[in-house]
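A.B. asks: The structure is given below, and queries will be raised subsequently.
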Amino acid sequence: MSGLSARDIGHRVVVRHRLPGGQLTDVLGVLQSLDAESLVVRHADSTPYAVRLADISAAKPIPPLPLRPVDVEQLFLTTALGRPAVETSYVGQWLLRASEGWTGRANSLLPAGDPGMPLAEALKHTEAFYDERGLPPLALVRVGTTLDAEFRQQGWVESRPGESDALVLLTSLDLVNGVPAYEVEVNDHPDADWYGTAFEGEVPAPAPAVMEGAPKAVFASIREGGKVVAVGRGSMTGHWLGIDGVRVDPAYRRRGLATAVLQGLARWSGAQGGRRTYLEVLESNAAAVSTYLSLGYAEAYRYRYLTSR
């Protein structure tokens, strides 16, 4: 075997090896362990593949899956499909979302695709949609894009000028689907205990419809002494796993519970055909950003909310 050593444990690798029948095959994933006799590679579906060193013809570390421009466009829309709003409408291909004002994502325009009309006209339709619902006209716009500049030329400005950029981070599923240090329950529906940990205080009225509205969503929780102390939500859109709603009871923080929730959701997703995972975090949340980067996440893009008022 060449190209791999103990320092590659935890990184993505490809291993070409010979099967009992003599044919060669490749296994790709994260190097989980390596000793004098064999190695173990963990695939995106969480399956560990043990390979004898004597059967390996070639092995080397590989970089994470590259993110192409088309992947960014797909991810931009995927984030909306993974957490749908209570009410939606369209201006051409642009997605209008409203959820009684709860969260910016669920109450903003997602300008993905072609609006089917001049920009100024599309923005007038956008303003009318939110005016009818008594909501401020918001647009979730990727920072630094041509569309960002065009919105600003039309008089749209930052709705939250004091807030940092929201980062959309992604990584390969096999980098974050290790075995959690805690037992993670994954259920199709959240219960009162889940909501009690996910929110500090009263649960906003639109929250259940938004959180439970995706076609394929699950709710993770960790219990200590019978009490739910950490939660998170996962949703599948194609091969993408979206993770949000991660929250740890303040009394139980700095124990790796958030990481365990993420790993539990990743392992669930792998069995569903997941290959990549994304999440969103404010750049100002330095502790969370540091944790996610250490797990292998990288920035796909960043966004801000713009408004015409």
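Every chain in the structure tokens has a letter given in the order shown (A, B, ...), and although residue numbers restart at 1 in each chain, ligands are simply numbered from 1 in the order shown.
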What's the 12 Å shell around segment 65-76 of chain A, counting only C-alpha atoms, without same-chain residues fewer than 2 positions away, as a PyMOL selection string?
C.D. replies: chain A and resi 12-13+28-29+62-63+78-82+94-95+105+110-113+140-142+145+167-175+237-242+275-280+296-303
A.B. asks: Include C-alpha atoms and write out the residues we just selected as an mmCIF file, in the first residue's frame.
C.D. replies:
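After the write, selection22.cif holds the following:
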data_model
loop_
_atom_site.group_PDB
_atom_site.id
_atom_site.type_symbol
_atom_site.label_atom_id
_atom_site.label_comp_id
_atom_site.auth_asym_id
_atom_site.auth_seq_id
_atom_site.Cartn_x
_atom_site.Cartn_y
_atom_site.Cartn_z
ATOM 1 C CA ARG A 12 -11.306 11.391 2.565
ATOM 2 C CA VAL A 13 -9.435 8.657 0.701
ATOM 3 C CA LEU A 28 -14.193 5.948 -1.374
ATOM 4 C CA GLY A 29 -14.877 7.615 1.960
ATOM 5 C CA ILE A 62 -8.523 12.906 -2.001
ATOM 6 C CA PRO A 63 -10.016 16.394 -1.561
ATOM 7 C CA THR A 78 -32.397 23.444 -2.051
ATOM 8 C CA THR A 79 -32.140 25.486 1.154
ATOM 9 C CA ALA A 80 -35.703 26.729 0.545
ATOM 10 C CA LEU A 81 -37.093 23.303 -0.313
ATOM 11 C CA GLY A 82 -35.592 21.810 2.833
ATOM 12 C CA TRP A 94 -38.605 33.386 -8.209
ATOM 13 C CA LEU A 95 -40.003 32.012 -4.978
ATOM 14 C CA ARG A 105 -35.902 32.765 5.419
ATOM 15 C CA LEU A 110 -35.682 33.750 -2.991
ATOM 16 C CA PRO A 111 -34.564 35.108 -6.394
ATOM 17 C CA ALA A 112 -33.497 31.824 -7.970
ATOM 18 C CA GLY A 113 -33.893 31.417 -11.726
ATOM 19 C CA LEU A 140 -32.572 36.859 0.407
ATOM 20 C CA VAL A 141 -29.699 37.809 -1.912
ATOM 21 C CA ARG A 142 -26.256 36.242 -2.220
ATOM 22 C CA THR A 145 -23.528 38.585 -7.047
ATOM 23 C CA LEU A 167 -22.967 31.776 5.819
ATOM 24 C CA VAL A 168 -24.170 28.695 3.974
ATOM 25 C CA LEU A 169 -21.653 25.940 4.669
ATOM 26 C CA LEU A 170 -21.406 22.512 3.100
ATOM 27 C CA THR A 171 -19.333 19.364 3.196
ATOM 28 C CA SER A 172 -19.304 15.735 2.103
ATOM 29 C CA LEU A 173 -21.566 13.587 4.260
ATOM 30 C CA ASP A 174 -18.827 11.060 4.968
ATOM 31 C CA LEU A 175 -16.802 13.717 6.798
ATOM 32 C CA THR A 237 -33.753 17.234 -0.779
ATOM 33 C CA GLY A 238 -32.245 14.996 -3.430
ATOM 34 C CA HIS A 239 -28.812 13.984 -2.147
ATOM 35 C CA TRP A 240 -28.554 17.060 0.089
ATOM 36 C CA LEU A 241 -29.055 16.914 3.860
ATOM 37 C CA GLY A 242 -30.004 20.250 5.385
ATOM 38 C CA ARG A 275 -24.032 12.586 -0.206
ATOM 39 C CA ARG A 276 -23.660 16.184 0.890
ATOM 40 C CA THR A 277 -24.840 18.285 3.814
ATOM 41 C CA TYR A 278 -25.359 21.996 4.327
ATOM 42 C CA LEU A 279 -26.263 24.322 7.170
ATOM 43 C CA GLU A 280 -26.562 28.056 7.794
ATOM 44 C CA GLY A 296 -14.974 19.798 7.485
ATOM 45 C CA TYR A 297 -17.609 22.341 6.449
ATOM 46 C CA ALA A 298 -16.596 25.091 4.019
ATOM 47 C CA GLU A 299 -18.344 28.212 2.767
ATOM 48 C CA ALA A 300 -20.538 27.784 -0.315
ATOM 49 C CA TYR A 301 -21.860 31.339 -0.328
ATOM 50 C CA ARG A 302 -23.104 34.056 2.008
ATOM 51 C CA TYR A 303 -26.257 36.136 1.936
#
A.B. asks: Out of segment 6-133 of chain A, which residues get strand (DSSP E) from DSSP, as a ChimeraX atom specification?
C.D. replies: /A:12-18,24-34,38-42,48-52,56-61,87-91,94-98
A.B. asks: Please tabulate, as JSON lines, the residues of segment 226-270 of chain A that come within 9 Å of segment 40-52 of chain A, each with its closest pair of atoms and the distance in Å to one decimal, counting only C-alpha atoms and ordering rows by chain, then residue number upward.
C.D. replies:
{"residue": "A:Ala266", "atom": "CA", "partner": "A:Ser46", "partner_atom": "CA", "distance": 8.4}
{"residue": "A:Arg267", "atom": "CA", "partner": "A:Ser46", "partner_atom": "CA", "distance": 5.8}
{"residue": "A:Trp268", "atom": "CA", "partner": "A:Asp45", "partner_atom": "CA", "distance": 8.3}
{"residue": "A:Ser269", "atom": "CA", "partner": "A:Asp45", "partner_atom": "CA", "distance": 7.4}
{"residue": "A:Gly270", "atom": "CA", "partner": "A:Asp45", "partner_atom": "CA", "distance": 3.7}
A.B. asks: Compare A:Ala271, A:Ala6, A:Val86, A:Leu19 by their minimum atom-to-atom distance to Asp35 of chain A, counting only C-alpha atoms, and give me the closest one.
C.D. replies: A:Ala6
A.B. asks: Enumerate, as number ranges by chain, the complete set of residues in segment 128-252 of chain A that a backbone-based DSSP assignment places in alpha helix (DSSP H).
C.D. replies: A: 128-132, 146-153, 192-198, 207-211
A.B. asks: Write out the residues from the selection above, keeping N, CA, C and O atoms, as a CSV table (one decimal), in the first residue's frame.
C.D. replies:
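Generated file (out_3.csv):
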chain,number,residue,atom,x,y,z
A,128,ALA,N,-45.9,43.9,-3.7
A,128,ALA,CA,-47.3,43.7,-3.6
A,128,ALA,C,-47.7,42.5,-2.8
A,128,ALA,O,-48.6,42.5,-1.9
A,129,PHE,N,-46.9,41.4,-3.0
A,129,PHE,CA,-47.1,40.2,-2.3
A,129,PHE,C,-47.0,40.4,-0.8
A,129,PHE,O,-47.8,39.9,0.0
A,130,TYR,N,-45.9,41.1,-0.4
A,130,TYR,CA,-45.7,41.3,1.1
A,130,TYR,C,-46.6,42.3,1.7
A,130,TYR,O,-47.0,42.3,2.8
A,131,ASP,N,-47.0,43.4,0.9
A,131,ASP,CA,-47.9,44.4,1.3
A,131,ASP,C,-49.3,43.7,1.7
A,131,ASP,O,-49.9,44.1,2.7
A,132,GLU,N,-49.7,42.8,0.8
A,132,GLU,CA,-51.0,42.2,1.0
A,132,GLU,C,-51.0,41.4,2.3
A,132,GLU,O,-52.1,41.1,2.9
A,146,THR,N,-24.2,39.5,-9.2
A,146,THR,CA,-24.7,40.5,-10.1
A,146,THR,C,-26.1,40.9,-9.6
A,146,THR,O,-26.5,42.1,-9.6
A,147,LEU,N,-26.9,40.0,-9.2
A,147,LEU,CA,-28.3,40.3,-8.7
A,147,LEU,C,-28.2,41.2,-7.5
A,147,LEU,O,-29.1,42.0,-7.3
A,148,ASP,N,-27.3,41.0,-6.6
A,148,ASP,CA,-27.1,41.8,-5.4
A,148,ASP,C,-27.0,43.3,-5.9
A,148,ASP,O,-27.6,44.2,-5.4
A,149,ALA,N,-26.1,43.5,-6.8
A,149,ALA,CA,-25.9,44.9,-7.3
A,149,ALA,C,-27.1,45.4,-8.0
A,149,ALA,O,-27.5,46.6,-7.8
A,150,GLU,N,-27.8,44.6,-8.8
A,150,GLU,CA,-29.0,45.0,-9.5
A,150,GLU,C,-30.1,45.4,-8.5
A,150,GLU,O,-30.9,46.4,-8.7
A,151,PHE,N,-30.3,44.7,-7.5
A,151,PHE,CA,-31.3,45.0,-6.4
A,151,PHE,C,-31.0,46.4,-5.8
A,151,PHE,O,-31.9,47.2,-5.7
A,152,ARG,N,-29.8,46.6,-5.5
A,152,ARG,CA,-29.3,47.9,-4.9
A,152,ARG,C,-29.5,49.0,-5.9
A,152,ARG,O,-29.9,50.1,-5.4
A,153,GLN,N,-29.3,48.8,-7.1
A,153,GLN,CA,-29.6,49.8,-8.1
A,153,GLN,C,-31.0,50.2,-8.2
A,153,GLN,O,-31.4,51.3,-8.6
A,192,ALA,N,-43.4,17.5,22.3
A,192,ALA,CA,-43.4,18.7,23.1
A,192,ALA,C,-42.0,18.9,23.7
A,192,ALA,O,-41.5,20.1,23.8
A,193,ASP,N,-41.3,17.8,24.1
A,193,ASP,CA,-40.0,18.0,24.6
A,193,ASP,C,-39.0,18.5,23.6
A,193,ASP,O,-38.1,19.3,24.0
A,194,TRP,N,-39.1,18.1,22.4
A,194,TRP,CA,-38.2,18.6,21.3
A,194,TRP,C,-38.4,20.1,21.2
A,194,TRP,O,-37.5,20.9,21.2
A,195,TYR,N,-39.7,20.5,21.0
A,195,TYR,CA,-39.9,22.0,20.9
A,195,TYR,C,-39.5,22.7,22.1
A,195,TYR,O,-39.0,23.9,22.0
A,196,GLY,N,-39.7,22.1,23.3
A,196,GLY,CA,-39.3,22.8,24.5
A,196,GLY,C,-37.8,23.1,24.6
A,196,GLY,O,-37.4,24.1,25.2
A,197,THR,N,-37.0,22.3,23.9
A,197,THR,CA,-35.5,22.5,23.9
A,197,THR,C,-35.2,23.4,22.7
A,197,THR,O,-34.2,24.2,22.8
A,198,ALA,N,-35.9,23.2,21.6
A,198,ALA,CA,-35.5,24.0,20.4
A,198,ALA,C,-35.8,25.5,20.5
A,198,ALA,O,-35.1,26.3,19.9
A,207,ALA,N,-44.1,28.2,13.7
A,207,ALA,CA,-42.9,27.3,13.7
A,207,ALA,C,-43.2,25.9,13.4
A,207,ALA,O,-42.5,25.3,12.6
A,208,PRO,N,-44.2,25.2,14.0
A,208,PRO,CA,-44.5,23.8,13.6
A,208,PRO,C,-44.8,23.6,12.1
A,208,PRO,O,-44.3,22.6,11.5
A,209,ALA,N,-45.5,24.5,11.5
A,209,ALA,CA,-45.8,24.4,10.1
A,209,ALA,C,-44.5,24.5,9.2
A,209,ALA,O,-44.3,23.7,8.3
A,210,VAL,N,-43.6,25.4,9.6
A,210,VAL,CA,-42.4,25.6,8.9
A,210,VAL,C,-41.4,24.4,9.2
A,210,VAL,O,-40.9,23.8,8.2
A,211,MET,N,-41.3,24.0,10.4
A,211,MET,CA,-40.3,23.0,10.8
A,211,MET,C,-40.8,21.6,10.3
A,211,MET,O,-39.9,20.7,9.9
A.B. asks: For a test of reading the model, state the distance in Å between atom CA of Leu77 of chain A and atom CA of Asn107 of chain A, rounded to one decimal.
C.D. replies: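 Rounded to one decimal, the two atoms are 14.8 Å apart.
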A.B. asks: For Glu183 of chain A, please output as a list in words all residues within 9 Å (counting only C-alpha atoms; exclusion window: fewer than 2 positions along the same chain).
C.D. replies: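 Result of the neighbour search: Pro180, Ala181, Glu185, Ser221, Ile222, Arg223, Ala260, Val261 and Gly264 of chain A.
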A.B. asks: Using Å and a single decimal, report how far atom CA of Val228 of chain A sits from atom CA of Gln263 of chain A.
C.D. replies: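 Computing it gives 17.0 Å between the two atoms.
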A.B. asks: Find the residues near Ile9 of chain A: any atom within 8 Å, counting only C-alpha atoms, skip ones fewer than 2 places away on the same chain, and give them as an MDAnalysis selection string.
C.D. replies: chainID A and resid 5:7 11 30:34
A.B. asks: What does the structure give for the distance between atom CA of Leu109 of chain A and atom CA of Ser308 of chain A, in Å to one decimal?
C.D. replies: 12.0 Å
A.B. asks: Hey, what's within 10 Å of His125 of chain A if we count only C-alpha atoms and toss same-chain stuff fewer than 5 positions away? As a list in words, please?
C.D. replies: Tyr90, Val91, Leu96, Leu119, Ala120, Tyr130 and Asp131 of chain A
A.B. asks: For N, CA, C and O atoms, I'd like the residues from the last selection saved as a compact mmCIF listing (two decimals), in the first residue's frame.
C.D. replies:
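The resulting file, out_12.txt, is shown below:
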# COMPACT_ATOMS: atom_id res chain seq x y z
N TYR A 90 -45.12 32.52 -6.77
CA TYR A 90 -44.00 32.66 -7.70
C TYR A 90 -44.14 33.92 -8.54
O TYR A 90 -45.24 34.36 -8.89
N VAL A 91 -43.00 34.50 -8.86
CA VAL A 91 -42.87 35.50 -9.92
C VAL A 91 -41.93 34.86 -10.93
O VAL A 91 -40.71 34.84 -10.74
N LEU A 96 -41.60 33.34 -3.73
CA LEU A 96 -42.07 34.23 -2.67
C LEU A 96 -42.53 33.40 -1.49
O LEU A 96 -43.30 32.45 -1.66
N LEU A 119 -36.61 43.22 -14.21
CA LEU A 119 -36.36 43.21 -12.77
C LEU A 119 -37.26 44.18 -12.02
O LEU A 119 -37.84 43.82 -10.99
N ALA A 120 -37.41 45.40 -12.51
CA ALA A 120 -38.22 46.39 -11.81
C ALA A 120 -39.65 45.92 -11.65
O ALA A 120 -40.28 46.11 -10.60
N TYR A 130 -45.93 41.07 -0.35
CA TYR A 130 -45.71 41.27 1.08
C TYR A 130 -46.62 42.35 1.66
O TYR A 130 -47.04 42.26 2.83
N ASP A 131 -46.95 43.35 0.86
CA ASP A 131 -47.91 44.36 1.33
C ASP A 131 -49.26 43.74 1.66
O ASP A 131 -49.90 44.08 2.67
A.B. asks: Just want the 7 Å neighbourhood of Leu53 of chain A, counted on only C-alpha atoms, with same-chain residues fewer than 2 positions away dropped. Output as a PyMOL selection string.
C.D. replies: chain A and resi 1+37-39+51+55-56
A.B. asks: Generate the output file for the selected residues, all heavy atoms, as a PDB file, in the first residue's frame.
C.D. replies:
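New file part-v1.pdb:
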ATOM      1  N   MET A   1       0.851  -1.196   0.000  1.00  0.00           N
ATOM      2  CA  MET A   1       0.000   0.000   0.000  1.00  0.00           C
ATOM      3  C   MET A   1       0.883   1.242   0.000  1.00  0.00           C
ATOM      4  O   MET A   1       1.944   1.268   0.618  1.00  0.00           O
ATOM      5  CB  MET A   1      -0.890   0.015   1.240  1.00  0.00           C
ATOM      6  CG  MET A   1      -1.831   1.207   1.288  1.00  0.00           C
ATOM      7  SD  MET A   1      -2.690   1.352   2.881  1.00  0.00           S
ATOM      8  CE  MET A   1      -1.305   1.794   3.934  1.00  0.00           C
ATOM      9  N   GLU A  37      -2.366  -4.468   9.745  1.00  0.00           N
ATOM     10  CA  GLU A  37      -2.995  -5.516   8.958  1.00  0.00           C
ATOM     11  C   GLU A  37      -4.070  -5.007   7.997  1.00  0.00           C
ATOM     12  O   GLU A  37      -4.265  -5.567   6.920  1.00  0.00           O
ATOM     13  CB  GLU A  37      -3.623  -6.564   9.884  1.00  0.00           C
ATOM     14  CG  GLU A  37      -2.644  -7.261  10.799  1.00  0.00           C
ATOM     15  CD  GLU A  37      -1.647  -8.120  10.043  1.00  0.00           C
ATOM     16  OE1 GLU A  37      -2.034  -8.645   8.971  1.00  0.00           O
ATOM     17  OE2 GLU A  37      -0.511  -8.263  10.520  1.00  0.00           O
ATOM     18  N   SER A  38      -4.784  -3.957   8.390  1.00  0.00           N
ATOM     19  CA  SER A  38      -5.932  -3.544   7.589  1.00  0.00           C
ATOM     20  C   SER A  38      -6.255  -2.071   7.836  1.00  0.00           C
ATOM     21  O   SER A  38      -5.678  -1.425   8.717  1.00  0.00           O
ATOM     22  CB  SER A  38      -7.151  -4.398   7.921  1.00  0.00           C
ATOM     23  OG  SER A  38      -7.546  -4.192   9.283  1.00  0.00           O
ATOM     24  N   LEU A  39      -7.193  -1.585   7.059  1.00  0.00           N
ATOM     25  CA  LEU A  39      -7.722  -0.244   7.270  1.00  0.00           C
ATOM     26  C   LEU A  39      -9.245  -0.299   7.136  1.00  0.00           C
ATOM     27  O   LEU A  39      -9.792  -1.264   6.587  1.00  0.00           O
ATOM     28  CB  LEU A  39      -7.116   0.769   6.297  1.00  0.00           C
ATOM     29  CG  LEU A  39      -7.243   0.530   4.786  1.00  0.00           C
ATOM     30  CD1 LEU A  39      -8.627   0.840   4.252  1.00  0.00           C
ATOM     31  CD2 LEU A  39      -6.207   1.365   4.037  1.00  0.00           C
ATOM     32  N   VAL A  51     -10.589  -3.358   4.782  1.00  0.00           N
ATOM     33  CA  VAL A  51      -9.779  -3.852   3.667  1.00  0.00           C
ATOM     34  C   VAL A  51      -8.422  -4.288   4.204  1.00  0.00           C
ATOM     35  O   VAL A  51      -7.752  -3.529   4.920  1.00  0.00           O
ATOM     36  CB  VAL A  51      -9.582  -2.764   2.588  1.00  0.00           C
ATOM     37  CG1 VAL A  51      -8.783  -3.338   1.411  1.00  0.00           C
ATOM     38  CG2 VAL A  51     -10.920  -2.215   2.113  1.00  0.00           C
ATOM     39  N   ASP A  55      -4.403  -6.715   0.242  1.00  0.00           N
ATOM     40  CA  ASP A  55      -5.267  -6.706  -0.940  1.00  0.00           C
ATOM     41  C   ASP A  55      -5.286  -5.359  -1.658  1.00  0.00           C
ATOM     42  O   ASP A  55      -5.937  -5.215  -2.692  1.00  0.00           O
ATOM     43  CB  ASP A  55      -6.711  -7.060  -0.545  1.00  0.00           C
ATOM     44  CG  ASP A  55      -6.844  -8.485  -0.037  1.00  0.00           C
ATOM     45  OD1 ASP A  55      -6.062  -9.338  -0.489  1.00  0.00           O
ATOM     46  OD2 ASP A  55      -7.713  -8.720   0.828  1.00  0.00           O
ATOM     47  N   ILE A  56      -4.589  -4.380  -1.115  1.00  0.00           N
ATOM     48  CA  ILE A  56      -4.629  -3.028  -1.681  1.00  0.00           C
ATOM     49  C   ILE A  56      -3.583  -2.869  -2.774  1.00  0.00           C
ATOM     50  O   ILE A  56      -2.407  -3.198  -2.590  1.00  0.00           O
ATOM     51  CB  ILE A  56      -4.401  -1.986  -0.575  1.00  0.00           C
ATOM     52  CG1 ILE A  56      -5.549  -2.034   0.437  1.00  0.00           C
ATOM     53  CG2 ILE A  56      -4.279  -0.580  -1.164  1.00  0.00           C
ATOM     54  CD1 ILE A  56      -5.352  -1.134   1.635  1.00  0.00           C
TER      55      ILE A  56
END
A.B. asks: Please provide as a list in words all residues within 6 Å of Val231 of chain A, with the sequence filter that same-chain residues fewer than 6 positions apart are discarded (counting only C-alpha atoms).
C.D. replies: Ala220, Ser221, Val246 and Arg247 of chain A
A.B. asks: Just write the chosen residues, all heavy atoms, as a compact mmCIF listing (two decimals), in the first residue's frame.
C.D. replies:
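Contents of selection.txt, freshly written:
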# COMPACT_ATOMS: atom_id res chain seq x y z
N ALA A 220 -33.98 15.20 15.57
CA ALA A 220 -33.03 14.50 16.42
C ALA A 220 -33.04 15.07 17.83
O ALA A 220 -33.25 16.27 18.02
CB ALA A 220 -31.62 14.60 15.84
N SER A 221 -32.81 14.22 18.80
CA SER A 221 -32.74 14.68 20.19
C SER A 221 -31.81 13.79 20.99
O SER A 221 -31.60 12.61 20.66
CB SER A 221 -34.13 14.71 20.83
OG SER A 221 -34.74 13.42 20.78
N VAL A 246 -30.51 23.36 15.40
CA VAL A 246 -29.64 22.74 16.41
C VAL A 246 -29.57 23.66 17.63
O VAL A 246 -29.21 24.83 17.52
CB VAL A 246 -28.23 22.49 15.85
CG1 VAL A 246 -27.33 21.91 16.95
CG2 VAL A 246 -28.29 21.54 14.66
N ARG A 247 -29.94 23.12 18.77
CA ARG A 247 -29.88 23.90 20.00
C ARG A 247 -29.61 22.97 21.18
O ARG A 247 -30.17 21.88 21.26
CB ARG A 247 -31.18 24.68 20.25
CG ARG A 247 -31.08 25.64 21.43
CD ARG A 247 -32.30 26.53 21.56
NE ARG A 247 -32.13 27.51 22.64
CZ ARG A 247 -32.44 27.26 23.92
NH1 ARG A 247 -32.98 26.09 24.26
NH2 ARG A 247 -32.24 28.17 24.84
